2 protein chains.
Amino acid sequence: MSKAERTKQKIVENAAIVFNKRGYFGSSIADIMRLTGLAKSGIYHHFKSKDEIAVAAFDYTLGLILEAALAKVSIQETAIDRLHAFADSFKGFTAQPIGAGGCPILNTAVESDDTHPLLRTHVQAAVNNLRALIASIVELGIRQGELADTTDHEKVSTILFVTIEGAIMMSKLYGDDTYLDLAIAHLHDYINGLATVK
Amino acid sequence: MSKAERTKQKIVENAAIVFNKRGYFGSSIADIMRLTGLAKSGIYHHFKSKDEIAVAAFDYTLGLILEAALAKVSIQETAIDRLHAFADSFKGFTAQPIGAGGCPILNTAVESDDTHPLLRTHVQAAVNNLRALIASIVELGIRQGELADTTDHEKVSTILFVTIEGAIMMSKLYGDDTYLDLAIAHLHDYINGLATVK
């Protein structure tokens, strides 16, 4: 990485933290200046606008989350175990640096849906990626006979995604991971219920 | 209602819409002035601060949501039917005036958890009320023999709450109620799975 690339990366990593904690509207370039120790001109040398920083920060964080989920999923052989691993990859999420401000998908979706079409598009793309990952596991499960032919990947990905997102919100709200743990346990029951062999 | 009370109510109702769409940090007194046609002094005659308006608007909206859920729940006799009615009370939520900006619990939780302790306390109180409602139905179900003695109301209320919240977020993100419908259908299966008599 060149020095310019390292500076750009430092801005993205710090912006990711502040945007995820305080939201797009609640964050300012001053916050990023304070965290990076850069002057305003130093930040705008690398990015045209607050929007461009927000989008880069969001995409960077989502890349990390997807990567972490993929790492846990890909070491499992069966589709059922992969679905369990996907659910488990969010265990302790709010205690991780990346999840300290809650889930960036949830945070950015809620903030952007009525106010920020560009960010909203990036959130939709991120959720599309997570859904595609789950859909590919469901299709593998059908091919391998682990799941019934009629299993609807749209339904499975919706249930997994919304349960985890709602639970991250609830655990953050109370500062108590019990709710996320209960939700993940519920998903394990749900996934076992999908298996053709009980 | 006196004229002063009507004005105060008008501020709360309009603030509820703007805060739910744009969030606490994204909303300004100017937005509320525009919607109500009141001068700044007219608004601050009734409320000490933006905080006080935000809290009143949140509590007002949550009162409406709890009332709507209670109205659907209370006409059902069995606990199982009450749980189904609770889940169904969120059908079409994002198309209702109150839900046009998404779920105020979700929106305010996500925004306030790291930034606004006062609002966060009000969100916790609102979620406590919803959980207490579900807990009371579960206890009724155990007394009436519809649910096993071992049914954990904490788990049931968590699953119902997080699934609905996550699904409202997803449906708002895509502008497509399919996800909320899928999540509610999943909750009906889950509730049926709790029944001692299948």
# chains A, B, ... in the order shown; residues from 1 in each chain; ligands from 1

$ residues_around --residues "stretch 145-152 of chain A" --least-positions-apart "2" --cutoff "7 Å" --atoms "only C-alpha atoms" --output "count of residues only"
10

$ interface_residues --of "chain A" --to "chain B" --cutoff "9 Å" --atoms "only C-alpha atoms" --output "mmCIF file with N, CA and C atoms, in the first residue's frame"
data_model
loop_
_atom_site.group_PDB
_atom_site.id
_atom_site.type_symbol
_atom_site.label_atom_id
_atom_site.label_comp_id
_atom_site.auth_asym_id
_atom_site.auth_seq_id
_atom_site.Cartn_x
_atom_site.Cartn_y
_atom_site.Cartn_z
ATOM 1 N N LYS A 21 -21.701 4.330 14.858
ATOM 2 C CA LYS A 21 -22.156 4.690 16.204
ATOM 3 C C LYS A 21 -23.155 5.847 16.175
ATOM 4 N N ARG A 22 -22.834 6.877 15.387
ATOM 5 C CA ARG A 22 -23.624 8.106 15.450
ATOM 6 C C ARG A 22 -24.558 8.287 14.265
ATOM 7 N N GLY A 23 -24.448 7.428 13.257
ATOM 8 C CA GLY A 23 -25.294 7.556 12.087
ATOM 9 C C GLY A 23 -24.754 8.582 11.112
ATOM 10 N N TYR A 24 -25.308 8.593 9.916
ATOM 11 C CA TYR A 24 -24.850 9.507 8.870
ATOM 12 C C TYR A 24 -25.100 10.966 9.262
ATOM 13 N N PHE A 25 -26.347 11.249 9.700
ATOM 14 C CA PHE A 25 -26.694 12.637 10.032
ATOM 15 C C PHE A 25 -26.021 13.095 11.324
ATOM 16 N N GLY A 26 -25.769 12.135 12.229
ATOM 17 C CA GLY A 26 -25.180 12.485 13.517
ATOM 18 C C GLY A 26 -23.657 12.593 13.481
ATOM 19 N N GLY A 101 -21.222 -0.511 17.522
ATOM 20 C CA GLY A 101 -22.285 0.465 17.247
ATOM 21 C C GLY A 101 -23.545 -0.212 16.745
ATOM 22 N N GLY A 102 -23.614 -1.538 16.822
ATOM 23 C CA GLY A 102 -24.753 -2.274 16.285
ATOM 24 C C GLY A 102 -24.449 -2.735 14.872
ATOM 25 N N LEU A 106 -28.423 -2.632 9.630
ATOM 26 C CA LEU A 106 -29.610 -2.151 10.351
ATOM 27 C C LEU A 106 -29.544 -0.640 10.526
ATOM 28 N N ASN A 107 -28.426 -0.170 11.026
ATOM 29 C CA ASN A 107 -28.279 1.267 11.302
ATOM 30 C C ASN A 107 -28.469 2.088 10.035
ATOM 31 N N ALA A 109 -29.767 1.107 7.091
ATOM 32 C CA ALA A 109 -31.084 0.902 6.468
ATOM 33 C C ALA A 109 -32.101 1.829 7.097
ATOM 34 N N VAL A 110 -32.136 1.829 8.416
ATOM 35 C CA VAL A 110 -33.136 2.615 9.145
ATOM 36 C C VAL A 110 -32.962 4.100 8.865
ATOM 37 N N GLU A 111 -31.709 4.521 8.794
ATOM 38 C CA GLU A 111 -31.465 5.949 8.593
ATOM 39 C C GLU A 111 -31.700 6.367 7.140
ATOM 40 N N SER A 112 -31.338 5.497 6.206
ATOM 41 C CA SER A 112 -31.338 5.934 4.799
ATOM 42 C C SER A 112 -32.649 5.679 4.069
ATOM 43 N N ASP A 113 -33.509 4.779 4.594
ATOM 44 C CA ASP A 113 -34.651 4.360 3.771
ATOM 45 C C ASP A 113 -35.538 5.515 3.306
ATOM 46 N N ASP A 114 -35.713 6.515 4.149
ATOM 47 C CA ASP A 114 -36.554 7.651 3.745
ATOM 48 C C ASP A 114 -35.755 8.908 3.397
ATOM 49 N N THR A 115 -34.425 8.842 3.493
ATOM 50 C CA THR A 115 -33.680 10.101 3.429
ATOM 51 C C THR A 115 -32.467 10.101 2.502
ATOM 52 N N ARG A 120 -28.940 4.006 0.676
ATOM 53 C CA ARG A 120 -29.944 2.944 0.649
ATOM 54 C C ARG A 120 -29.594 1.894 -0.406
ATOM 55 N N THR A 121 -29.138 2.338 -1.567
ATOM 56 C CA THR A 121 -28.750 1.420 -2.644
ATOM 57 C C THR A 121 -27.606 0.509 -2.189
ATOM 58 N N VAL A 123 -26.962 -0.334 0.932
ATOM 59 C CA VAL A 123 -27.485 -1.273 1.926
ATOM 60 C C VAL A 123 -28.215 -2.414 1.211
ATOM 61 N N GLN A 124 -29.020 -2.060 0.206
ATOM 62 C CA GLN A 124 -29.731 -3.105 -0.548
ATOM 63 C C GLN A 124 -28.730 -4.080 -1.175
ATOM 64 N N VAL A 127 -27.409 -6.408 1.505
ATOM 65 C CA VAL A 127 -28.397 -7.427 1.894
ATOM 66 C C VAL A 127 -28.570 -8.433 0.757
ATOM 67 N N GLU A 154 -35.878 -17.830 -0.673
ATOM 68 C CA GLU A 154 -36.292 -16.459 -0.342
ATOM 69 C C GLU A 154 -36.839 -16.420 1.093
ATOM 70 N N LYS A 155 -37.605 -17.433 1.444
ATOM 71 C CA LYS A 155 -38.164 -17.490 2.796
ATOM 72 C C LYS A 155 -37.052 -17.747 3.821
ATOM 73 N N THR A 158 -34.883 -14.702 4.306
ATOM 74 C CA THR A 158 -35.614 -13.646 5.027
ATOM 75 C C THR A 158 -35.651 -13.941 6.524
ATOM 76 N N ILE A 159 -36.002 -15.193 6.881
ATOM 77 C CA ILE A 159 -36.126 -15.540 8.309
ATOM 78 C C ILE A 159 -34.771 -15.393 9.014
ATOM 79 N N PHE A 161 -32.136 -13.594 8.109
ATOM 80 C CA PHE A 161 -31.687 -12.196 8.125
ATOM 81 C C PHE A 161 -32.487 -11.354 9.129
ATOM 82 N N VAL A 162 -33.815 -11.410 9.068
ATOM 83 C CA VAL A 162 -34.606 -10.508 9.927
ATOM 84 C C VAL A 162 -34.483 -10.882 11.400
ATOM 85 N N THR A 163 -34.355 -12.177 11.694
ATOM 86 C CA THR A 163 -34.252 -12.591 13.089
ATOM 87 C C THR A 163 -32.949 -12.084 13.700
ATOM 88 N N ILE A 164 -31.872 -12.202 12.938
ATOM 89 C CA ILE A 164 -30.579 -11.732 13.440
ATOM 90 C C ILE A 164 -30.572 -10.209 13.588
ATOM 91 N N GLU A 165 -31.087 -9.523 12.590
ATOM 92 C CA GLU A 165 -31.083 -8.057 12.645
ATOM 93 C C GLU A 165 -31.933 -7.529 13.804
ATOM 94 N N GLY A 166 -33.139 -8.065 13.941
ATOM 95 C CA GLY A 166 -34.008 -7.633 15.042
ATOM 96 C C GLY A 166 -33.349 -7.898 16.387
ATOM 97 N N ALA A 167 -32.658 -9.041 16.483
ATOM 98 C CA ALA A 167 -32.040 -9.424 17.754
ATOM 99 C C ALA A 167 -30.834 -8.554 18.083
ATOM 100 N N ILE A 168 -30.068 -8.169 17.073
ATOM 101 C CA ILE A 168 -28.945 -7.260 17.325
ATOM 102 C C ILE A 168 -29.494 -5.935 17.859
ATOM 103 N N MET A 169 -30.575 -5.468 17.257
ATOM 104 C CA MET A 169 -31.194 -4.222 17.726
ATOM 105 C C MET A 169 -31.604 -4.345 19.198
ATOM 106 N N MET A 170 -32.281 -5.458 19.533
ATOM 107 C CA MET A 170 -32.784 -5.637 20.896
ATOM 108 C C MET A 170 -31.634 -5.765 21.896
ATOM 109 N N LYS A 172 -28.594 -4.580 21.587
ATOM 110 C CA LYS A 172 -27.969 -3.256 21.716
ATOM 111 C C LYS A 172 -28.820 -2.342 22.597
ATOM 112 N N LEU A 173 -30.128 -2.414 22.412
ATOM 113 C CA LEU A 173 -31.037 -1.538 23.162
ATOM 114 C C LEU A 173 -30.909 -1.759 24.663
ATOM 115 N N TYR A 174 -30.805 -3.039 25.071
ATOM 116 C CA TYR A 174 -30.720 -3.349 26.504
ATOM 117 C C TYR A 174 -29.275 -3.547 26.973
ATOM 118 N N GLY A 175 -28.327 -3.552 26.035
ATOM 119 C CA GLY A 175 -26.951 -3.855 26.419
ATOM 120 C C GLY A 175 -26.851 -5.252 26.998
ATOM 121 N N TYR A 179 -30.684 -11.695 24.244
ATOM 122 C CA TYR A 179 -31.708 -11.702 23.192
ATOM 123 C C TYR A 179 -31.139 -12.232 21.881
ATOM 124 N N LEU A 180 -29.908 -11.835 21.568
ATOM 125 C CA LEU A 180 -29.259 -12.343 20.361
ATOM 126 C C LEU A 180 -29.038 -13.854 20.492
ATOM 127 N N LEU A 182 -30.836 -15.982 22.307
ATOM 128 C CA LEU A 182 -32.153 -16.638 22.183
ATOM 129 C C LEU A 182 -32.555 -16.730 20.712
ATOM 130 N N ALA A 183 -32.307 -15.644 19.968
ATOM 131 C CA ALA A 183 -32.707 -15.606 18.554
ATOM 132 C C ALA A 183 -31.891 -16.607 17.739
ATOM 133 N N HIS A 186 -33.161 -20.013 18.408
ATOM 134 C CA HIS A 186 -34.420 -20.192 17.660
ATOM 135 C C HIS A 186 -34.118 -20.538 16.194
ATOM 136 N N TYR A 190 -35.155 -23.691 13.853
ATOM 137 C CA TYR A 190 -35.792 -23.489 12.544
ATOM 138 C C TYR A 190 -35.025 -24.252 11.455
#

$ select_by_dssp --residues "stretch 23-146 of chain B" --states "alpha helix (DSSP H)" --output "ChimeraX atom specification"
/B:23-26,29-36,40-44,50-74,79-88,104-112,117-143

$ calpha_fit_and_write --fixed "chain B" --moving "chain A" --output "JSON list (two decimals) with C-alpha atoms, in the first residue's frame"
[["chain", "number", "residue", "atom", "x", "y", "z"],
["A", 1, "MET", "CA", -59.42, 19.76, 24.85],
["A", 2, "SER", "CA", -58.49, 23.41, 25.35],
["A", 3, "LYS", "CA", -56.92, 25.37, 22.50],
["A", 4, "ALA", "CA", -53.51, 25.04, 24.18],
["A", 5, "GLU", "CA", -53.95, 21.28, 24.47],
["A", 6, "ARG", "CA", -54.98, 21.03, 20.82],
["A", 7, "THR", "CA", -51.89, 22.98, 19.73],
["A", 8, "LYS", "CA", -49.66, 20.80, 21.89],
["A", 9, "GLN", "CA", -51.27, 17.67, 20.40],
["A", 10, "LYS", "CA", -50.79, 19.03, 16.87],
["A", 11, "ILE", "CA", -47.08, 19.54, 17.56],
["A", 12, "VAL", "CA", -46.75, 16.00, 18.93],
["A", 13, "GLU", "CA", -48.57, 14.41, 15.97],
["A", 14, "ASN", "CA", -46.53, 16.28, 13.38],
["A", 15, "ALA", "CA", -43.26, 15.77, 15.25],
["A", 16, "ALA", "CA", -44.02, 12.04, 15.39],
["A", 17, "ILE", "CA", -44.12, 11.91, 11.58],
["A", 18, "VAL", "CA", -40.96, 13.91, 10.96],
["A", 19, "PHE", "CA", -38.90, 12.26, 13.72],
["A", 20, "ASN", "CA", -39.92, 8.80, 12.52],
["A", 21, "LYS", "CA", -38.97, 9.58, 8.92],
["A", 22, "ARG", "CA", -35.81, 11.61, 9.41],
["A", 23, "GLY", "CA", -34.65, 10.51, 12.85],
["A", 24, "TYR", "CA", -33.82, 12.64, 15.87],
["A", 25, "PHE", "CA", -30.56, 14.05, 14.49],
["A", 26, "GLY", "CA", -31.99, 14.48, 10.99],
["A", 27, "SER", "CA", -35.03, 16.46, 12.18],
["A", 28, "SER", "CA", -35.14, 20.10, 13.11],
["A", 29, "ILE", "CA", -37.56, 22.46, 14.80],
["A", 30, "ALA", "CA", -37.84, 24.12, 11.36],
["A", 31, "ASP", "CA", -39.38, 20.88, 10.02],
["A", 32, "ILE", "CA", -41.98, 20.95, 12.79],
["A", 33, "MET", "CA", -42.62, 24.67, 12.21],
["A", 34, "ARG", "CA", -43.26, 23.95, 8.52],
["A", 35, "LEU", "CA", -45.64, 21.07, 9.23],
["A", 36, "THR", "CA", -47.60, 22.79, 12.00],
["A", 37, "GLY", "CA", -47.49, 26.34, 10.62],
["A", 38, "LEU", "CA", -46.38, 27.49, 14.08],
["A", 39, "ALA", "CA", -43.60, 29.94, 14.87],
["A", 40, "LYS", "CA", -40.61, 28.75, 16.87],
["A", 41, "SER", "CA", -41.88, 30.63, 19.93],
["A", 42, "GLY", "CA", -45.25, 28.91, 19.55],
["A", 43, "ILE", "CA", -43.55, 25.52, 19.72],
["A", 44, "TYR", "CA", -41.28, 26.42, 22.62],
["A", 45, "HIS", "CA", -44.28, 27.78, 24.50],
["A", 46, "HIS", "CA", -45.39, 24.14, 24.87],
["A", 47, "PHE", "CA", -42.09, 22.29, 25.04],
["A", 48, "LYS", "CA", -38.78, 23.15, 26.70],
["A", 49, "SER", "CA", -36.54, 21.51, 24.11],
["A", 50, "LYS", "CA", -36.24, 19.34, 21.01],
["A", 51, "ASP", "CA", -35.62, 16.46, 23.44],
["A", 52, "GLU", "CA", -38.94, 17.00, 25.16],
["A", 53, "ILE", "CA", -40.76, 17.04, 21.79],
["A", 54, "ALA", "CA", -38.95, 13.90, 20.64],
["A", 55, "VAL", "CA", -39.88, 12.00, 23.80],
["A", 56, "ALA", "CA", -43.53, 13.13, 23.66],
["A", 57, "ALA", "CA", -43.73, 12.19, 19.96],
["A", 58, "PHE", "CA", -42.18, 8.77, 20.57],
["A", 59, "ASP", "CA", -44.46, 7.97, 23.53],
["A", 60, "TYR", "CA", -47.51, 9.12, 21.56],
["A", 61, "THR", "CA", -46.71, 6.89, 18.57],
["A", 62, "LEU", "CA", -45.92, 3.90, 20.75],
["A", 63, "GLY", "CA", -49.22, 4.38, 22.56],
["A", 64, "LEU", "CA", -51.00, 4.08, 19.19],
["A", 65, "ILE", "CA", -49.08, 0.93, 18.22],
["A", 66, "LEU", "CA", -49.70, -0.78, 21.57],
["A", 67, "GLU", "CA", -53.37, 0.23, 21.43],
["A", 68, "ALA", "CA", -53.75, -1.24, 17.92],
["A", 69, "ALA", "CA", -52.08, -4.50, 18.99],
["A", 70, "LEU", "CA", -54.21, -4.70, 22.15],
["A", 71, "ALA", "CA", -57.42, -4.13, 20.18],
["A", 72, "LYS", "CA", -56.64, -7.11, 17.92],
["A", 73, "VAL", "CA", -55.38, -9.31, 20.75],
["A", 74, "SER", "CA", -58.18, -8.69, 23.26],
["A", 75, "ILE", "CA", -61.01, -9.91, 21.01],
["A", 76, "GLN", "CA", -59.42, -13.40, 20.88],
["A", 77, "GLU", "CA", -60.22, -15.93, 23.60],
["A", 78, "THR", "CA", -57.40, -18.44, 23.49],
["A", 79, "ALA", "CA", -53.79, -17.57, 24.16],
["A", 80, "ILE", "CA", -52.69, -19.18, 20.90],
["A", 81, "ASP", "CA", -55.16, -17.02, 18.94],
["A", 82, "ARG", "CA", -53.96, -13.96, 20.87],
["A", 83, "LEU", "CA", -50.36, -14.64, 19.90],
["A", 84, "HIS", "CA", -51.44, -15.05, 16.25],
["A", 85, "ALA", "CA", -53.41, -11.79, 16.50],
["A", 86, "PHE", "CA", -50.38, -9.98, 17.94],
["A", 87, "ALA", "CA", -48.25, -11.09, 14.96],
["A", 88, "ASP", "CA", -51.03, -10.18, 12.51],
["A", 89, "SER", "CA", -51.41, -6.70, 14.00],
["A", 90, "PHE", "CA", -48.19, -5.74, 12.17],
["A", 91, "LYS", "CA", -49.47, -6.84, 8.74],
["A", 92, "GLY", "CA", -49.27, -3.94, 6.31],
["A", 93, "PHE", "CA", -47.55, -1.85, 8.98],
["A", 94, "THR", "CA", -45.30, 0.06, 6.58],
["A", 95, "ALA", "CA", -48.33, 1.13, 4.53],
["A", 96, "GLN", "CA", -50.04, 2.75, 7.54],
["A", 97, "PRO", "CA", -49.48, 6.46, 8.28],
["A", 98, "ILE", "CA", -47.85, 5.52, 11.56],
["A", 99, "GLY", "CA", -45.50, 3.05, 9.87],
["A", 100, "ALA", "CA", -44.68, 5.09, 6.76],
["A", 101, "GLY", "CA", -41.30, 5.96, 8.26],
["A", 102, "GLY", "CA", -40.80, 2.40, 9.52],
["A", 103, "CYS", "CA", -41.16, 1.22, 13.11],
["A", 104, "PRO", "CA", -40.49, 4.02, 15.61],
["A", 105, "ILE", "CA", -39.10, 1.49, 18.11],
["A", 106, "LEU", "CA", -36.57, 0.27, 15.56],
["A", 107, "ASN", "CA", -35.75, 3.74, 14.27],
["A", 108, "THR", "CA", -35.34, 5.28, 17.71],
["A", 109, "ALA", "CA", -33.52, 2.27, 19.20],
["A", 110, "VAL", "CA", -30.93, 2.27, 16.44],
["A", 111, "GLU", "CA", -30.40, 6.00, 16.65],
["A", 112, "SER", "CA", -30.41, 6.39, 20.42],
["A", 113, "ASP", "CA", -28.55, 3.31, 21.68],
["A", 114, "ASP", "CA", -25.11, 4.93, 21.47],
["A", 115, "THR", "CA", -26.07, 8.59, 21.49],
["A", 116, "HIS", "CA", -29.21, 9.57, 23.40],
["A", 117, "PRO", "CA", -29.74, 7.96, 26.85],
["A", 118, "LEU", "CA", -33.09, 9.72, 27.49],
["A", 119, "LEU", "CA", -34.71, 8.53, 24.26],
["A", 120, "ARG", "CA", -33.14, 5.10, 24.78],
["A", 121, "THR", "CA", -34.90, 4.83, 28.16],
["A", 122, "HIS", "CA", -38.24, 5.56, 26.50],
["A", 123, "VAL", "CA", -37.59, 2.94, 23.81],
["A", 124, "GLN", "CA", -36.72, 0.38, 26.50],
["A", 125, "ALA", "CA", -39.96, 1.23, 28.33],
["A", 126, "ALA", "CA", -41.95, 0.76, 25.11],
["A", 127, "VAL", "CA", -40.34, -2.61, 24.41],
["A", 128, "ASN", "CA", -40.91, -3.59, 28.06],
["A", 129, "ASN", "CA", -44.63, -2.89, 27.53],
["A", 130, "LEU", "CA", -44.79, -5.03, 24.38],
["A", 131, "ARG", "CA", -42.89, -7.84, 26.13],
["A", 132, "ALA", "CA", -45.20, -7.62, 29.15],
["A", 133, "LEU", "CA", -48.20, -7.97, 26.82],
["A", 134, "ILE", "CA", -46.75, -11.12, 25.25],
["A", 135, "ALA", "CA", -45.68, -12.48, 28.65],
["A", 136, "SER", "CA", -49.25, -12.08, 29.96],
["A", 137, "ILE", "CA", -50.59, -14.02, 26.96],
["A", 138, "VAL", "CA", -48.04, -16.81, 27.51],
["A", 139, "GLU", "CA", -49.00, -17.02, 31.19],
["A", 140, "LEU", "CA", -52.67, -17.21, 30.23],
["A", 141, "GLY", "CA", -51.80, -20.00, 27.79],
["A", 142, "ILE", "CA", -49.99, -21.97, 30.50],
["A", 143, "ARG", "CA", -52.92, -21.53, 32.93],
["A", 144, "GLN", "CA", -55.38, -22.67, 30.24],
["A", 145, "GLY", "CA", -53.22, -25.67, 29.32],
["A", 146, "GLU", "CA", -52.69, -24.41, 25.76],
["A", 147, "LEU", "CA", -48.95, -24.04, 26.28],
["A", 148, "ALA", "CA", -46.54, -26.34, 28.15],
["A", 149, "ASP", "CA", -45.63, -25.28, 31.73],
["A", 150, "THR", "CA", -42.05, -24.91, 30.59],
["A", 151, "THR", "CA", -42.86, -22.28, 27.93],
["A", 152, "ASP", "CA", -40.46, -19.38, 28.46],
["A", 153, "HIS", "CA", -42.26, -16.07, 27.96],
["A", 154, "GLU", "CA", -38.91, -14.29, 27.65],
["A", 155, "LYS", "CA", -38.04, -16.47, 24.67],
["A", 156, "VAL", "CA", -41.48, -16.18, 23.05],
["A", 157, "SER", "CA", -41.57, -12.38, 23.38],
["A", 158, "THR", "CA", -38.02, -12.08, 22.04],
["A", 159, "ILE", "CA", -38.76, -14.21, 18.95],
["A", 160, "LEU", "CA", -42.01, -12.37, 18.18],
["A", 161, "PHE", "CA", -40.51, -8.93, 18.72],
["A", 162, "VAL", "CA", -37.20, -9.37, 16.86],
["A", 163, "THR", "CA", -38.76, -11.15, 13.88],
["A", 164, "ILE", "CA", -41.30, -8.40, 13.35],
["A", 165, "GLU", "CA", -38.78, -5.60, 13.84],
["A", 166, "GLY", "CA", -36.19, -7.13, 11.49],
["A", 167, "ALA", "CA", -38.90, -7.72, 8.90],
["A", 168, "ILE", "CA", -40.21, -4.15, 9.05],
["A", 169, "MET", "CA", -36.64, -2.98, 8.44],
["A", 170, "MET", "CA", -36.22, -5.32, 5.45],
["A", 171, "SER", "CA", -39.61, -4.42, 3.92],
["A", 172, "LYS", "CA", -38.86, -0.71, 4.29],
["A", 173, "LEU", "CA", -35.39, -1.17, 2.79],
["A", 174, "TYR", "CA", -36.78, -2.77, -0.39],
["A", 175, "GLY", "CA", -40.16, -1.04, -0.37],
["A", 176, "ASP", "CA", -41.70, -4.53, -0.53],
["A", 177, "ASP", "CA", -44.04, -6.00, 2.09],
["A", 178, "THR", "CA", -43.30, -9.58, 0.98],
["A", 179, "TYR", "CA", -40.62, -9.87, 3.67],
["A", 180, "LEU", "CA", -42.92, -8.76, 6.48],
["A", 181, "ASP", "CA", -45.57, -11.20, 5.23],
["A", 182, "LEU", "CA", -43.03, -14.08, 5.12],
["A", 183, "ALA", "CA", -41.89, -13.23, 8.66],
["A", 184, "ILE", "CA", -45.46, -13.12, 10.01],
["A", 185, "ALA", "CA", -46.20, -16.48, 8.32],
["A", 186, "HIS", "CA", -43.06, -17.87, 10.00],
["A", 187, "LEU", "CA", -44.32, -16.61, 13.38],
["A", 188, "HIS", "CA", -47.67, -18.35, 12.84],
["A", 189, "ASP", "CA", -45.74, -21.62, 12.33],
["A", 190, "TYR", "CA", -43.67, -20.90, 15.43],
["A", 191, "ILE", "CA", -46.77, -20.14, 17.54],
["A", 192, "ASN", "CA", -48.52, -23.32, 16.30],
["A", 193, "GLY", "CA", -45.38, -25.23, 17.31],
["A", 194, "LEU", "CA", -45.80, -23.97, 20.89],
["A", 195, "ALA", "CA", -49.36, -25.32, 21.21],
["A", 196, "THR", "CA", -49.79, -28.45, 23.35],
["A", 197, "VAL", "CA", -52.66, -29.53, 21.07],
["A", 198, "LYS", "CA", -51.51, -29.59, 17.42]]
